[in-house]
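Asks: To be precise about what I am sending: the file is called upload_4.pdb and holds PDB, C-alpha atoms, pLDDT in the B column.
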ATOM      1  CA  MET A   1      -0.187  39.261 -14.835  1.00 56.00           C
ATOM      2  CA  ALA A   2      -1.669  38.347 -11.434  1.00 63.00           C
ATOM      3  CA  ASN A   3      -2.878  41.036  -9.067  1.00 71.00           C
ATOM      4  CA  LEU A   4      -0.527  40.782  -6.078  1.00 77.00           C
ATOM      5  CA  ASP A   5      -2.823  42.909  -3.888  1.00 82.00           C
ATOM      6  CA  GLN A   6      -5.393  40.130  -3.561  1.00 84.00           C
ATOM      7  CA  THR A   7      -5.283  36.878  -1.655  1.00 84.00           C
ATOM      8  CA  GLN A   8      -4.363  33.953  -3.870  1.00 82.00           C
ATOM      9  CA  PHE A   9      -5.995  30.559  -3.359  1.00 82.00           C
ATOM     10  CA  PHE A  10      -4.164  27.278  -3.570  1.00 82.00           C
ATOM     11  CA  LYS A  11      -6.011  23.985  -3.511  1.00 86.00           C
ATOM     12  CA  VAL A  12      -4.252  20.761  -2.558  1.00 82.00           C
ATOM     13  CA  GLU A  13      -5.893  17.500  -3.518  1.00 79.00           C
ATOM     14  CA  GLN A  14      -6.121  15.149  -0.558  1.00 78.00           C
ATOM     15  CA  GLU A  15      -5.149  11.523  -1.054  1.00 73.00           C
ATOM     16  CA  LYS A  16      -8.098   9.201  -0.756  1.00 77.00           C
ATOM     17  CA  PRO A  17      -7.797   6.857   2.210  1.00 85.00           C
ATOM     18  CA  MET A  18      -7.367   3.241   1.162  1.00 92.00           C
ATOM     19  CA  SER A  19      -8.012   0.114   3.162  1.00 94.00           C
ATOM     20  CA  ALA A  20      -5.202  -2.273   4.002  1.00 95.00           C
ATOM     21  CA  SER A  21      -6.966  -4.875   1.891  1.00 95.00           C
ATOM     22  CA  SER A  22      -7.020  -2.603  -1.173  1.00 96.00           C
ATOM     23  CA  ILE A  23      -3.363  -1.699  -0.770  1.00 97.00           C
ATOM     24  CA  LEU A  24      -2.347  -5.342  -0.388  1.00 97.00           C
ATOM     25  CA  GLU A  25      -4.255  -6.253  -3.532  1.00 97.00           C
ATOM     26  CA  ILE A  26      -2.462  -3.548  -5.527  1.00 97.00           C
ATOM     27  CA  VAL A  27       0.924  -4.579  -4.100  1.00 98.00           C
ATOM     28  CA  TYR A  28       0.285  -8.255  -4.840  1.00 98.00           C
ATOM     29  CA  LYS A  29      -0.838  -7.589  -8.419  1.00 98.00           C
ATOM     30  CA  ALA A  30       2.020  -5.170  -9.118  1.00 98.00           C
ATOM     31  CA  ASN A  31       4.591  -7.733  -7.990  1.00 98.00           C
ATOM     32  CA  LYS A  32       2.932 -10.439 -10.104  1.00 98.00           C
ATOM     33  CA  GLU A  33       2.845  -8.138 -13.157  1.00 98.00           C
ATOM     34  CA  LYS A  34       6.588  -7.589 -12.835  1.00 98.00           C
ATOM     35  CA  GLY A  35       7.156 -11.356 -12.712  1.00 98.00           C
ATOM     36  CA  TYR A  36       7.985 -11.640  -9.022  1.00 98.00           C
ATOM     37  CA  ASP A  37       6.680 -14.207  -6.550  1.00 98.00           C
ATOM     38  CA  ALA A  38       4.335 -11.794  -4.787  1.00 97.00           C
ATOM     39  CA  ILE A  39       3.980 -13.890  -1.616  1.00 97.00           C
ATOM     40  CA  ASN A  40       7.749 -14.143  -1.165  1.00 98.00           C
ATOM     41  CA  GLN A  41       8.227 -10.435  -1.853  1.00 98.00           C
ATOM     42  CA  ILE A  42       5.560  -9.348   0.632  1.00 97.00           C
ATOM     43  CA  THR A  43       6.934 -11.810   3.201  1.00 97.00           C
ATOM     44  CA  GLY A  44      10.434 -10.399   2.705  1.00 97.00           C
ATOM     45  CA  TYR A  45       9.101  -6.912   3.263  1.00 98.00           C
ATOM     46  CA  LEU A  46       7.225  -7.900   6.418  1.00 97.00           C
ATOM     47  CA  VAL A  47      10.227  -9.698   7.911  1.00 97.00           C
ATOM     48  CA  SER A  48      12.859  -7.095   7.038  1.00 97.00           C
ATOM     49  CA  ASP A  49      10.947  -3.788   6.714  1.00 95.00           C
ATOM     50  CA  ASP A  50      13.006  -3.255   3.545  1.00 97.00           C
ATOM     51  CA  PRO A  51      10.718  -1.553   1.007  1.00 97.00           C
ATOM     52  CA  THR A  52      12.864  -2.718  -1.919  1.00 97.00           C
ATOM     53  CA  TYR A  53      11.118  -6.093  -1.675  1.00 98.00           C
ATOM     54  CA  ILE A  54       8.072  -4.314  -3.135  1.00 98.00           C
ATOM     55  CA  THR A  55       8.153  -3.117  -6.732  1.00 98.00           C
ATOM     56  CA  SER A  56       7.618   0.541  -7.455  1.00 97.00           C
ATOM     57  CA  HIS A  57       5.377  -0.498 -10.376  1.00 98.00           C
ATOM     58  CA  ASN A  58       1.901   1.100 -10.022  1.00 97.00           C
ATOM     59  CA  ASP A  59       3.163   2.965  -6.915  1.00 96.00           C
ATOM     60  CA  ALA A  60       3.006  -0.290  -4.932  1.00 98.00           C
ATOM     61  CA  ARG A  61       6.038   0.580  -2.787  1.00 98.00           C
ATOM     62  CA  LYS A  62       4.643   4.011  -1.966  1.00 96.00           C
ATOM     63  CA  LEU A  63       1.260   2.524  -1.074  1.00 97.00           C
ATOM     64  CA  VAL A  64       2.590  -0.252   1.148  1.00 97.00           C
ATOM     65  CA  ARG A  65       4.607   2.301   3.129  1.00 96.00           C
ATOM     66  CA  ARG A  66       1.308   3.977   4.124  1.00 95.00           C
ATOM     67  CA  LEU A  67       0.632   0.971   6.345  1.00 96.00           C
ATOM     68  CA  GLU A  68       2.396  -0.191   9.455  1.00 95.00           C
ATOM     69  CA  ARG A  69       3.615  -3.771   9.187  1.00 96.00           C
ATOM     70  CA  ASP A  70       1.376  -4.826  12.072  1.00 95.00           C
ATOM     71  CA  GLU A  71      -1.635  -3.514  10.107  1.00 95.00           C
ATOM     72  CA  ILE A  72      -0.652  -5.709   7.175  1.00 96.00           C
ATOM     73  CA  ILE A  73      -0.200  -8.765   9.384  1.00 96.00           C
ATOM     74  CA  GLU A  74      -3.553  -8.111  11.070  1.00 96.00           C
ATOM     75  CA  GLU A  75      -5.274  -7.826   7.676  1.00 95.00           C
ATOM     76  CA  LEU A  76      -3.678 -11.052   6.436  1.00 95.00           C
ATOM     77  CA  LEU A  77      -4.548 -12.976   9.602  1.00 95.00           C
ATOM     78  CA  THR A  78      -8.124 -11.662   9.618  1.00 95.00           C
ATOM     79  CA  SER A  79      -8.582 -12.753   6.016  1.00 95.00           C
ATOM     80  CA  TYR A  80      -7.062 -16.151   6.754  1.00 95.00           C
ATOM     81  CA  ALA A  81      -9.293 -16.633   9.793  1.00 97.00           C
ATOM     82  CA  LYS A  82     -12.439 -15.745   7.818  1.00 95.00           C
ATOM     83  CA  THR A  83     -11.445 -18.122   5.019  1.00 95.00           C
ATOM     84  CA  HIS A  84     -10.971 -20.979   7.487  1.00 96.00           C
ATOM     85  CA  GLY A  85     -14.100 -20.302   9.534  1.00 95.00           C
ATOM     86  CA  TRP A  86     -12.341 -19.275  12.726  1.00 93.00           C
ATOM     87  CA  ASP A  87     -14.760 -17.397  14.949  1.00 76.00           C
TER      88      ASP A  87
END
Starting from the coordinates I provided, produce the structure as structure tokens.
Replies:
Amino acid sequence: MANLDQTQFFKVEQEKPMSASSILEIVYKANKEKGYDAINQITGYLVSDDPTYITSHNDARKLVRRLERDEIIEELLTSYAKTHGWD
């Protein structure tokens, strides 16, 4: 039995910060794995802010909710701009 006269220690594991790019990759792959059109699902989420557009498979829905929609749009536009040589 524990000694109740002494201070007990409790350690909480901190979630590792993830980049928007990493989260989007997980969300995209999770939707594809479940047989969904990942682009349409992510678009639906961005337009409506309805998280049910994102599958809960591999915690994709939980992860995408860590980001603000404007962060996602910024990440997508930045990637698009780099791909097309916009400077």
Asks: Quick one: what's the axis-aligned box for stretch 64-82 of chain A, all listed atoms, 3 Å on every side, centre and edges in Å to one decimal, as AutoDock Vina command-line options?
Replies:
--center_x -3.9 --center_y -6.3 --center_z 6.6 --size_x 23.0 --size_y 26.6 --size_z 16.9
Asks: Given the file shown, determine the residues that the PyMOL selection byres ((chain A and resi 25-39) around 6) selects; report them as an MDAnalysis selection string.
Replies: chainID A and resid 22:24 40:42 55 57 60
Asks: Could you write those residues out with C-alpha atoms, as a PDB file, keeping the file's coordinate frame?
Replies:
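For reference, selection-v7.pdb as written:
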ATOM      1  CA  SER A  22      -7.020  -2.603  -1.173  1.00 96.00           C
ATOM      2  CA  ILE A  23      -3.363  -1.699  -0.770  1.00 97.00           C
ATOM      3  CA  LEU A  24      -2.347  -5.342  -0.388  1.00 97.00           C
ATOM      4  CA  ASN A  40       7.749 -14.143  -1.165  1.00 98.00           C
ATOM      5  CA  GLN A  41       8.227 -10.435  -1.853  1.00 98.00           C
ATOM      6  CA  ILE A  42       5.560  -9.348   0.632  1.00 97.00           C
ATOM      7  CA  THR A  55       8.153  -3.117  -6.732  1.00 98.00           C
ATOM      8  CA  HIS A  57       5.377  -0.498 -10.376  1.00 98.00           C
ATOM      9  CA  ALA A  60       3.006  -0.290  -4.932  1.00 98.00           C
TER      10      ALA A  60
END
Asks: Do you have the atom CA of A:Val47-atom CA of A:Ile73 distance handy?
Replies: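 About the pair atom CA of A:Val47 and atom CA of A:Ile73: they are 10.6 Å apart.
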Asks: For A:Arg61, which residue out of A:Trp86, A:Leu76, A:Tyr45, A:Met18 is the nearest one, using only C-alpha atoms?
Replies: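 Nearest to A:Arg61: A:Tyr45.
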Asks: Just give me the gap between atom CA of A:Pro17 and atom CA of A:Leu67 in Å, one decimal is fine.
Replies: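 One can read the atom CA of A:Pro17 to atom CA of A:Leu67 distance as 11.1 Å.
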Asks: Excluding A:Ile72 and any residue of its chain fewer than 3 positions from it, enumerate the residues within 9 Å of it, using all atoms listed in the file, and give them as an NGL selection string.
Replies: :A and (20-21 or 24 or 46 or 64 or 67-69 or 75-77)
Asks: What would the file look like if the residues just selected were written as a CSV table (one decimal), in the frame of the given file with C-alpha atoms?
Replies:
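Result file is result-v8.csv:
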chain,number,residue,atom,x,y,z
A,20,ALA,CA,-5.2,-2.3,4.0
A,21,SER,CA,-7.0,-4.9,1.9
A,24,LEU,CA,-2.3,-5.3,-0.4
A,46,LEU,CA,7.2,-7.9,6.4
A,64,VAL,CA,2.6,-0.3,1.1
A,67,LEU,CA,0.6,1.0,6.3
A,68,GLU,CA,2.4,-0.2,9.5
A,69,ARG,CA,3.6,-3.8,9.2
A,75,GLU,CA,-5.3,-7.8,7.7
A,76,LEU,CA,-3.7,-11.1,6.4
A,77,LEU,CA,-4.5,-13.0,9.6
Asks: One decimal, Å: what's the distance from atom CA of A:Glu15 over to atom CA of A:Arg65, could you say?
Replies: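 Result for atom CA of A:Glu15 versus atom CA of A:Arg65: 14.1 Å, one decimal.
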Asks: Could you list, as a list of chain:residue names, every residue within 10 Å of A:Gly44, counting all atoms listed in the file and ignoring same-chain residues fewer than 6 positions away?
Replies: A:Ala38, A:Asp50, A:Pro51, A:Thr52, A:Tyr53, A:Ile54
Asks: Kindly output stretch 67-86 of chain A as a compact mmCIF listing (two decimals), in the coordinates of the input, after building N, CA and C atoms.
Replies:
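That gives us rebuild_3.txt:
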# COMPACT_ATOMS: atom_id res chain seq x y z
N LEU A 67 1.10 1.87 5.28
CA LEU A 67 0.63 0.97 6.34
C LEU A 67 1.78 0.59 7.27
N GLU A 68 1.44 0.40 8.52
CA GLU A 68 2.40 -0.19 9.46
C GLU A 68 2.41 -1.69 9.20
N ARG A 69 3.53 -2.32 9.44
CA ARG A 69 3.62 -3.77 9.19
C ARG A 69 2.61 -4.55 10.02
N ASP A 70 2.35 -4.11 11.25
CA ASP A 70 1.38 -4.83 12.07
C ASP A 70 -0.03 -4.73 11.48
N GLU A 71 -0.35 -3.63 10.79
CA GLU A 71 -1.64 -3.51 10.11
C GLU A 71 -1.75 -4.54 8.99
N ILE A 72 -0.66 -4.73 8.27
CA ILE A 72 -0.65 -5.71 7.18
C ILE A 72 -0.83 -7.12 7.73
N ILE A 73 -0.10 -7.44 8.78
CA ILE A 73 -0.20 -8.76 9.38
C ILE A 73 -1.61 -8.99 9.92
N GLU A 74 -2.19 -7.99 10.55
CA GLU A 74 -3.55 -8.11 11.07
C GLU A 74 -4.54 -8.37 9.93
N GLU A 75 -4.40 -7.64 8.83
CA GLU A 75 -5.27 -7.83 7.68
C GLU A 75 -5.14 -9.24 7.11
N LEU A 76 -3.91 -9.71 6.97
CA LEU A 76 -3.68 -11.05 6.44
C LEU A 76 -4.25 -12.13 7.36
N LEU A 77 -4.05 -11.98 8.66
CA LEU A 77 -4.55 -12.98 9.60
C LEU A 77 -6.07 -12.96 9.68
N THR A 78 -6.65 -11.77 9.62
CA THR A 78 -8.12 -11.66 9.62
C THR A 78 -8.71 -12.36 8.40
N SER A 79 -8.12 -12.12 7.25
CA SER A 79 -8.58 -12.75 6.02
C SER A 79 -8.43 -14.27 6.09
N TYR A 80 -7.31 -14.71 6.60
CA TYR A 80 -7.06 -16.15 6.75
C TYR A 80 -8.09 -16.79 7.70
N ALA A 81 -8.34 -16.12 8.81
CA ALA A 81 -9.29 -16.63 9.79
C ALA A 81 -10.70 -16.73 9.21
N LYS A 82 -11.12 -15.72 8.45
CA LYS A 82 -12.44 -15.74 7.82
C LYS A 82 -12.53 -16.88 6.81
N THR A 83 -11.49 -17.07 6.03
CA THR A 83 -11.44 -18.12 5.02
C THR A 83 -11.55 -19.52 5.64
N HIS A 84 -10.99 -19.67 6.83
CA HIS A 84 -10.97 -20.98 7.49
C HIS A 84 -12.04 -21.14 8.57
N GLY A 85 -12.97 -20.20 8.63
CA GLY A 85 -14.10 -20.30 9.53
C GLY A 85 -13.76 -20.19 11.01
N TRP A 86 -12.68 -19.50 11.32
CA TRP A 86 -12.34 -19.27 12.73
C TRP A 86 -13.26 -18.17 13.26
